[in-house]
>>> print(open('work-v4.pdb').read())   # PDB, C-alpha atoms
ATOM      1  CA  MET D  64      27.728  30.339 -17.448
ATOM      2  CA  ASN D  65      29.371  28.516 -20.346
ATOM      3  CA  PRO D  66      27.482  27.732 -23.608
ATOM      4  CA  VAL D  67      27.038  24.043 -22.753
ATOM      5  CA  GLU D  68      25.526  24.797 -19.345
ATOM      6  CA  SER D  69      23.297  27.463 -20.861
ATOM      7  CA  ASP D  70      22.045  25.042 -23.497
ATOM      8  CA  LEU D  71      21.339  22.332 -20.921
ATOM      9  CA  ARG D  72      19.332  24.729 -18.778
ATOM     10  CA  LYS D  73      17.289  25.838 -21.805
ATOM     11  CA  ARG D  74      16.478  22.172 -22.455
ATOM     12  CA  GLY D  75      15.183  21.750 -18.909
ATOM     13  CA  PHE D  76      18.189  20.069 -17.280
ATOM     14  CA  ARG D  77      19.288  21.057 -13.774
ATOM     15  CA  PRO D  78      22.572  20.131 -12.024
ATOM     16  CA  VAL D  79      22.370  17.710  -9.101
ATOM     17  CA  SER D  80      24.865  16.274  -6.664
ATOM     18  CA  SER D  81      26.980  13.590  -8.317
ATOM     19  CA  ASP D  82      26.956  11.659  -5.046
ATOM     20  CA  LEU D  83      23.174  11.427  -5.189
ATOM     21  CA  LEU D  84      23.226   9.406  -8.414
ATOM     22  CA  GLN D  85      26.519   7.609  -7.906
ATOM     23  CA  HIS D  86      24.769   4.582  -6.487
ATOM     24  CA  ASP D  87      23.333   2.331  -9.221
ATOM     25  CA  ASP D  88      20.011   2.013  -7.420
ATOM     26  CA  MET D  89      19.620   5.775  -7.336
ATOM     27  CA  THR D  90      20.188   5.947 -11.086
ATOM     28  CA  LYS D  91      17.561   3.249 -11.605
ATOM     29  CA  LEU D  92      15.178   5.096  -9.300
ATOM     30  CA  ALA D  93      15.529   8.318 -11.291
ATOM     31  CA  ALA D  94      14.940   6.467 -14.565
ATOM     32  CA  THR D  95      11.955   4.614 -13.144
ATOM     33  CA  PHE D  96      10.258   7.829 -12.100
ATOM     34  CA  GLY D  97      10.767   9.290 -15.566
ATOM     35  CA  TYR D  98      13.940  11.390 -15.356
ATOM     36  CA  GLU D  99      16.744  11.698 -17.906
ATOM     37  CA  ILE D 100      20.297  11.680 -16.583
ATOM     38  CA  LEU D 101      23.227  13.298 -18.344
ATOM     39  CA  LYS D 102      26.807  13.277 -17.040
ATOM     40  CA  ILE D 103      29.243  15.880 -18.373
ATOM     41  CA  SER D 104      32.686  16.118 -16.788
ATOM     42  CA  ASP D 105      32.142  16.236 -13.035
ATOM     43  CA  THR D 106      28.561  17.431 -13.214
ATOM     44  CA  THR D 107      25.401  15.324 -13.332
ATOM     45  CA  TRP D 108      22.322  16.866 -14.964
ATOM     46  CA  LEU D 109      18.733  15.767 -14.481
ATOM     47  CA  ARG D 110      15.462  16.624 -16.192
ATOM     48  CA  ARG D 111      11.944  15.308 -16.202
ATOM     49  CA  ARG D 112      11.097  13.298 -19.315
ATOM     50  CA  GLU D 113       8.443  14.563 -21.670
ATOM     51  CA  ARG D 114       4.965  13.251 -20.977
ATOM     52  CA  GLY D 115       4.614   9.653 -22.087
ATOM     53  CA  ARG D 116       8.373   8.983 -22.286
ATOM     54  CA  GLY D 117       8.919   7.884 -18.703
ATOM     55  CA  ILE D 118       9.225   4.253 -17.730
ATOM     56  CA  PRO D 119       5.834   3.207 -16.312
ATOM     57  CA  LEU D 120       5.771   2.226 -12.667
ATOM     58  CA  GLU D 121       4.304  -1.130 -11.760
ATOM     59  CA  PRO D 122       1.247  -0.487  -9.586
ATOM     60  CA  ALA D 123       1.920  -1.005  -5.884
ATOM     61  CA  ILE D 124      -1.708  -1.874  -5.155
ATOM     62  CA  MET D 125      -3.621  -4.545  -7.068
ATOM     63  CA  PRO D 126      -7.414  -4.319  -7.051
ATOM     64  CA  GLY D 127      -9.058  -7.634  -6.329
ATOM     65  CA  PRO D 128     -12.677  -8.664  -6.847
ATOM     66  CA  THR D 129     -15.682  -6.504  -6.096
ATOM     67  CA  ILE D 130     -17.930  -8.596  -3.883
ATOM     68  CA  ARG D 131     -21.700  -8.125  -3.857
ATOM     69  CA  ARG D 132     -24.370  -9.955  -1.904
ATOM     70  CA  THR D 133     -24.891 -12.584  -4.613
ATOM     71  CA  ASP D 134     -21.157 -13.390  -4.672
ATOM     72  CA  VAL D 135     -20.850 -14.499  -1.046
ATOM     73  CA  SER D 136     -21.789 -18.135  -1.735
ATOM     74  CA  ASP D 137     -19.778 -18.379  -4.973
ATOM     75  CA  PRO D 138     -16.515 -20.326  -4.354
ATOM     76  CA  ASN D 139     -14.756 -18.398  -7.153
ATOM     77  CA  THR D 140     -15.171 -15.188  -5.152
ATOM     78  CA  TYR D 141     -12.344 -16.246  -2.842
ATOM     79  CA  ASP D 142      -9.725 -17.221  -5.450
ATOM     80  CA  PHE D 143      -7.656 -14.140  -4.563
ATOM     81  CA  LEU D 144      -6.921 -15.671  -1.154
ATOM     82  CA  GLN D 145      -4.727 -18.314  -2.790
ATOM     83  CA  ASP D 146      -2.436 -15.566  -4.122
ATOM     84  CA  TYR D 147      -2.454 -13.819  -0.769
ATOM     85  CA  ARG D 148      -1.383 -16.959   1.138
ATOM     86  CA  ARG D 149       1.818 -17.114  -0.934
ATOM     87  CA  THR D 150       2.955 -13.596   0.035
ATOM     88  CA  SER D 151       5.357 -12.565   2.767
ATOM     89  CA  PHE D 152       2.522 -10.438   4.173
ATOM     90  CA  ALA D 153       0.439 -13.567   4.851
ATOM     91  CA  LYS D 154       3.413 -15.330   6.443
ATOM     92  CA  GLU D 155       3.923 -12.338   8.740
ATOM     93  CA  GLN D 156       0.220 -12.296   9.594
ATOM     94  CA  ASP D 157       0.228 -16.008  10.442
ATOM     95  CA  LYS D 158       3.195 -15.602  12.791
ATOM     96  CA  LEU D 159       1.578 -12.779  14.750
ATOM     97  CA  VAL D 160      -2.096 -13.785  14.841
ATOM     98  CA  GLN D 161      -3.188 -16.735  16.981
ATOM     99  CA  PHE D 162      -6.927 -16.265  17.540
ATOM    100  CA  THR D 163      -9.411 -19.090  17.091
ATOM    101  CA  THR D 164     -12.242 -18.721  14.593
ATOM    102  CA  HIS D 165     -14.710 -19.161  17.458
ATOM    103  CA  SER D 166     -13.222 -16.237  19.386
ATOM    104  CA  LEU D 167     -13.328 -14.040  16.273
ATOM    105  CA  ARG D 168     -17.010 -14.804  15.705
ATOM    106  CA  ALA D 169     -17.746 -14.096  19.365
ATOM    107  CA  SER D 170     -15.955 -10.743  19.020
ATOM    108  CA  LEU D 171     -18.050  -9.901  15.958
ATOM    109  CA  ALA D 172     -21.299 -10.824  17.696
ATOM    110  CA  LYS D 173     -20.407  -8.586  20.637
ATOM    111  CA  GLY D 174     -19.391  -5.722  18.355
ATOM    112  CA  LEU D 175     -22.642  -5.885  16.402
ATOM    113  CA  GLU D 176     -24.545  -5.365  19.646
ATOM    114  CA  SER D 177     -22.937  -1.967  20.238
ATOM    115  CA  SER D 178     -25.254   1.034  20.512
ATOM    116  CA  GLU D 179     -22.809   3.054  18.369
ATOM    117  CA  SER D 180     -23.166   2.471  14.621
ATOM    118  CA  PHE D 181     -19.461   3.105  13.958
ATOM    119  CA  ARG D 182     -18.452   0.352  16.379
ATOM    120  CA  ARG D 183     -20.877  -2.060  14.754
ATOM    121  CA  TRP D 184     -19.357  -1.445  11.298
ATOM    122  CA  HIS D 185     -15.808  -1.449  12.641
ATOM    123  CA  SER D 186     -16.317  -4.872  14.219
ATOM    124  CA  LEU D 187     -16.494  -6.312  10.687
ATOM    125  CA  VAL D 188     -12.997  -5.182   9.704
ATOM    126  CA  ARG D 189     -11.575  -5.859  13.177
ATOM    127  CA  ILE D 190     -12.119  -9.617  12.883
ATOM    128  CA  LEU D 191     -10.485  -9.562   9.426
ATOM    129  CA  PHE D 192      -7.452  -7.800  10.866
ATOM    130  CA  PHE D 193      -7.101 -10.550  13.494
ATOM    131  CA  SER D 194      -7.635 -13.476  11.089
ATOM    132  CA  ASN D 195      -4.754 -15.557   9.783
ATOM    133  CA  SER D 196      -4.549 -16.470   6.116
ATOM    134  CA  ILE D 197      -5.985 -19.970   6.652
ATOM    135  CA  GLN D 198      -9.128 -18.955   8.525
ATOM    136  CA  LEU D 199      -9.710 -15.804   6.481
ATOM    137  CA  ARG D 200     -12.071 -17.417   3.964
ATOM    138  CA  SER D 201     -14.244 -18.914   6.675
ATOM    139  CA  VAL D 202     -14.428 -15.614   8.548
ATOM    140  CA  LEU D 203     -15.331 -13.779   5.343
ATOM    141  CA  GLU D 204     -17.835 -16.260   3.923
ATOM    142  CA  ASP D 205     -19.594 -17.240   7.150
ATOM    143  CA  SER D 206     -19.372 -14.103   9.284
ATOM    144  CA  ALA D 207     -18.125 -10.744   8.003
ATOM    145  CA  LEU D 208     -19.751 -10.627   4.557
ATOM    146  CA  PRO D 209     -23.176 -11.992   5.602
ATOM    147  CA  ALA D 210     -23.270  -9.527   8.517
ATOM    148  CA  PHE D 211     -22.431  -6.623   6.209
ATOM    149  CA  PHE D 212     -24.950  -7.474   3.499
ATOM    150  CA  GLU D 213     -27.658  -8.170   6.062
ATOM    151  CA  ARG D 214     -27.361  -4.526   7.105
ATOM    152  CA  ASP D 215     -26.739  -3.099   3.629
ATOM    153  CA  PRO D 216     -27.947  -5.470   0.879
ATOM    154  CA  ASP D 217     -26.974  -3.024  -1.890
ATOM    155  CA  GLY D 218     -23.482  -2.356  -0.563
ATOM    156  CA  ARG D 219     -20.297  -3.840  -1.985
ATOM    157  CA  VAL D 220     -16.858  -4.897  -0.805
ATOM    158  CA  GLN D 221     -13.767  -4.008  -2.847
ATOM    159  CA  VAL D 222     -10.620  -6.037  -2.233
ATOM    160  CA  PHE D 223      -7.137  -4.488  -2.499
ATOM    161  CA  MET D 224      -3.849  -6.383  -2.312
ATOM    162  CA  LEU D 225      -0.453  -4.792  -1.771
ATOM    163  CA  LYS D 226       2.377  -6.006  -4.024
ATOM    164  CA  GLU D 227       5.417  -7.332  -2.200
ATOM    165  CA  GLY D 228       7.821  -5.354  -4.402
ATOM    166  CA  VAL D 229       6.546  -2.088  -2.951
ATOM    167  CA  GLU D 230       8.999  -2.394  -0.040
ATOM    168  CA  ARG D 231      11.846  -2.122  -2.564
ATOM    169  CA  HIS D 232      10.505   1.240  -3.738
ATOM    170  CA  PHE D 233      10.243   2.450  -0.156
ATOM    171  CA  GLY D 234      13.855   1.418   0.368
ATOM    172  CA  LEU D 235      14.973   3.455  -2.632
ATOM    173  CA  LEU D 236      13.019   6.458  -1.419
ATOM    174  CA  ARG D 237      14.593   6.156   2.034
ATOM    175  CA  ALA D 238      18.022   6.023   0.420
ATOM    176  CA  ALA D 239      17.301   9.059  -1.769
ATOM    177  CA  TYR D 240      16.170  10.991   1.303
ATOM    178  CA  ALA D 241      19.304  10.023   3.218
ATOM    179  CA  LEU D 242      21.541  11.028   0.311
ATOM    180  CA  SER D 243      19.877  14.433   0.139
ATOM    181  CA  HIS D 244      21.396  15.112   3.580
ATOM    182  CA  TYR D 245      24.653  13.138   3.522
ATOM    183  CA  SER D 246      27.053  12.404   0.694
ATOM    184  CA  LEU D 247      28.155   8.856  -0.082
ATOM    185  CA  ALA D 248      31.698   9.835   0.857
ATOM    186  CA  ARG D 249      30.534  10.887   4.322
ATOM    187  CA  LEU D 250      28.459   7.743   4.767
ATOM    188  CA  ARG D 251      31.407   5.558   3.774
ATOM    189  CA  ALA D 252      33.727   7.409   6.114
ATOM    190  CA  SER D 253      31.406   6.703   9.034
ATOM    191  CA  GLY D 254      32.206   2.994   8.755
ATOM    192  CA  GLN D 255      28.546   2.063   9.274
ATOM    193  CA  ARG D 256      26.306   0.102   6.936
ATOM    194  CA  PHE D 257      23.866   2.058   4.805
ATOM    195  CA  ALA D 258      20.689   0.192   5.803
ATOM    196  CA  SER D 259      18.098   2.240   3.925
ATOM    197  CA  LEU D 260      17.779  -0.388   1.179
ATOM    198  CA  VAL D 261      17.172  -3.226   3.637
ATOM    199  CA  GLU D 262      13.630  -4.525   3.988
ATOM    200  CA  TRP D 263      12.836  -3.327   7.478
ATOM    201  CA  ASP D 264       9.340  -4.491   8.297
ATOM    202  CA  ALA D 265       6.804  -6.257   6.103
ATOM    203  CA  ALA D 266       4.013  -4.497   7.993
ATOM    204  CA  VAL D 267       5.181  -0.950   7.176
ATOM    205  CA  PRO D 268       3.943  -0.833   3.542
ATOM    206  CA  ASN D 269       0.537  -1.888   4.828
ATOM    207  CA  ASP D 270       0.305   1.498   6.558
ATOM    208  CA  TYR D 271       0.590   3.196   3.159
ATOM    209  CA  LEU D 272      -2.206   1.056   1.729
ATOM    210  CA  GLU D 273      -4.474   1.995   4.618
ATOM    211  CA  ALA D 274      -3.445   5.664   4.315
ATOM    212  CA  VAL D 275      -4.431   5.765   0.634
ATOM    213  CA  LEU D 276      -7.831   4.265   1.439
ATOM    214  CA  SER D 277      -8.261   6.678   4.358
ATOM    215  CA  ILE D 278      -7.872   9.630   1.980
ATOM    216  CA  THR D 279     -10.756   8.242  -0.076
ATOM    217  CA  GLN D 280     -12.771   7.745   3.066
ATOM    218  CA  ALA D 281     -12.143  11.315   4.249
ATOM    219  CA  SER D 282     -13.129  12.820   0.901
ATOM    220  CA  THR D 283     -16.842  12.407   1.729
ATOM    221  CA  TYR D 284     -16.557  13.696   5.298
ATOM    222  CA  PRO D 285     -18.753  14.278   7.323
ATOM    223  CA  HIS D 286     -20.678  11.543   5.490
ATOM    224  CA  VAL D 287     -19.039   8.133   5.892
ATOM    225  CA  GLN D 288     -19.488   6.075   2.726
ATOM    226  CA  MET D 289     -16.931   3.349   3.366
ATOM    227  CA  PHE D 290     -14.738   1.742   5.976
ATOM    228  CA  HIS D 291     -11.766  -0.523   5.456
ATOM    229  CA  GLY D 292      -9.235  -2.841   7.043
ATOM    230  CA  GLY D 293      -7.808  -6.322   6.958
ATOM    231  CA  PRO D 294      -4.684  -8.405   7.569
ATOM    232  CA  PHE D 295      -1.190  -7.317   6.508
ATOM    233  CA  GLY D 296      -1.013  -6.640   2.777
ATOM    234  CA  LEU D 297      -4.735  -7.105   2.179
ATOM    235  CA  SER D 298      -7.536  -4.604   2.689
ATOM    236  CA  PHE D 299     -11.296  -4.877   2.371
ATOM    237  CA  SER D 300     -13.138  -1.668   1.563
ATOM    238  CA  PHE D 301     -16.767  -1.939   2.656
ATOM    239  CA  VAL D 302     -18.632   0.566   0.499
ATOM    240  CA  LEU D 303     -22.052   1.546   1.759
ATOM    241  CA  SER D 304     -24.931   2.069  -0.666
ATOM    242  CA  MET D 305     -25.845   5.162   1.359
ATOM    243  CA  SER D 306     -24.344   7.106   4.230
ATOM    244  CA  PHE D 307     -25.378   5.696   7.588
ATOM    245  CA  PHE D 308     -23.788   8.507   9.613
TER     246      PHE D 308
END
>>> encode(input="work-v4.pdb", output="structure tokens")
Amino acid sequence: MNPVESDLRKRGFRPVSSDLLQHDDMTKLAATFGYEILKISDTTWLRRRERGRGIPLEPAIMPGPTIRRTDVSDPNTYDFLQDYRRTSFAKEQDKLVQFTTHSLRASLAKGLESSESFRRWHSLVRILFFSNSIQLRSVLEDSALPAFFERDPDGRVQVFMLKEGVERHFGLLRAAYALSHYSLARLRASGQRFASLVEWDAAVPNDYLEAVLSITQASTYPHVQMFHGGPFGLSFSFVLSMSFF
């Protein structure tokens, strides 16, 4: 081990594959997640930045309003829906969902008659999942929220919205994973496009939003304190004032 390599290792740097960081996006990804990159001769060195020196990540999930019983009739409660309608998530939802508001309300009424408490609560988020961005306010204001607060007046509903840019981060992570198995030289030699940075499916990031909320939900198991769901890119977390299970 030469003196330069020894010094770098003492300072916390570790050698990585040059191919891994050859792509500009990979270099940006490393910097974004708080790593320092140093290139000496043919070797690329990487180390984690000291606490506080990394470039802060823009949050992937934006918390919306917290809705309580007294907020249901307030028009300002639903301002977040205007932002949602402008997203690619809403456009995807509108293309796939074609249910009438009447059929959604009928589905809710049937679900609330279930003898199983879980199915009664789940019927609230199910109609939100099958609502398009135009009818969403009506379904919330006239059906889902009143039904929830009628059964739990002290409960609350927390809104979460997924940022559209999150798909770009997933693309970079897919590319980093691919490059940990195959070098850029090998990928180029294959003659095929490297599609990991392409936006694949606007619905996929929504799975991560629901997964994060599911972890919170499972943390109180076997007592269920909340349930959640909604259209693509938007989730409503119904938080119970007490465990009903």
>>> atom_distance(input="work-v4.pdb", atom1="atom CA of D:Leu276", atom2="atom CA of D:Pro294")
14.4 Å
>>> resolve_selection(input="work-v4.pdb", expression="the PyMOL selection byres ((chain D and resi 183) around 12)", output="list in words")
Ser170, Leu171, Ala172, Lys173, Gly174, Leu175, Glu176, Ser177, Ser178, Glu179, Ser180, Phe181, Arg182, Trp184, His185, Ser186, Leu187, Val188, Arg189, Ile190, Ala207, Ala210, Phe211, Arg214, Phe290 and Phe307 of chain D
>>> atom_distance(input="work-v4.pdb", atom1="atom CA of D:Val160", atom2="atom CA of D:Leu272")
19.8 Å
>>> atom_distance(input="work-v4.pdb", atom1="atom CA of D:Phe295", atom2="atom CA of D:Leu225")
8.7 Å
>>> residues_around(input="work-v4.pdb", residues="D:Arg200", least_positions_apart="2", cutoff="12 Å", atoms="all atoms listed in the file", output="list in words")
Val135, Ser136, Asp137, Pro138, Asn139, Thr140, Tyr141, Asp142, Phe143, Leu144, Gln145, Tyr147, Arg148, Thr164, Ile190, Leu191, Ser194, Asn195, Ser196, Ile197, Gln198, Val202, Leu203, Glu204, Asp205, Ser206, Ala207 and Leu208 of chain D
>>> closest_residue(input="work-v4.pdb", among="D:Phe299, D:Phe76, D:Met125, D:His291", to="D:Ile278", atoms="all atoms listed in the file")
D:His291
>>> resolve_selection(input="work-v4.pdb", expression="the PyMOL selection byres ((chain D and resi 304) around 10)", output="PyMOL selection string")
chain D and resi 215-219+288-289+301-303+305-307
>>> closest_residue(input="work-v4.pdb", among="D:Leu250, D:Leu199, D:Ser300, D:Phe152", to="D:Val275", atoms="only C-alpha atoms")
D:Ser300
>>> residues_around(input="work-v4.pdb", residues="D:Pro126", least_positions_apart="5", cutoff="7 Å", atoms="all atoms listed in the file", output="ChimeraX atom specification")
/D:222-224
>>> write_last_selection(input="work-v4.pdb", atoms="C-alpha atoms", output="PDB file, in the coordinates of the input")
ATOM      1  CA  VAL D 222     -10.620  -6.037  -2.233  1.00  0.00           C
ATOM      2  CA  PHE D 223      -7.137  -4.488  -2.499  1.00  0.00           C
ATOM      3  CA  MET D 224      -3.849  -6.383  -2.312  1.00  0.00           C
TER       4      MET D 224
END
>>> resolve_selection(input="work-v4.pdb", expression="the PyMOL selection byres ((chain D and resi 227) around 8)", output="ChimeraX atom specification")
/D:150-152,225-226,228-230
>>> closest_residue(input="work-v4.pdb", among="D:Ala123, D:Ala169, D:Ile130, D:Leu159", to="D:Phe193", atoms="all atoms listed in the file")
D:Leu159
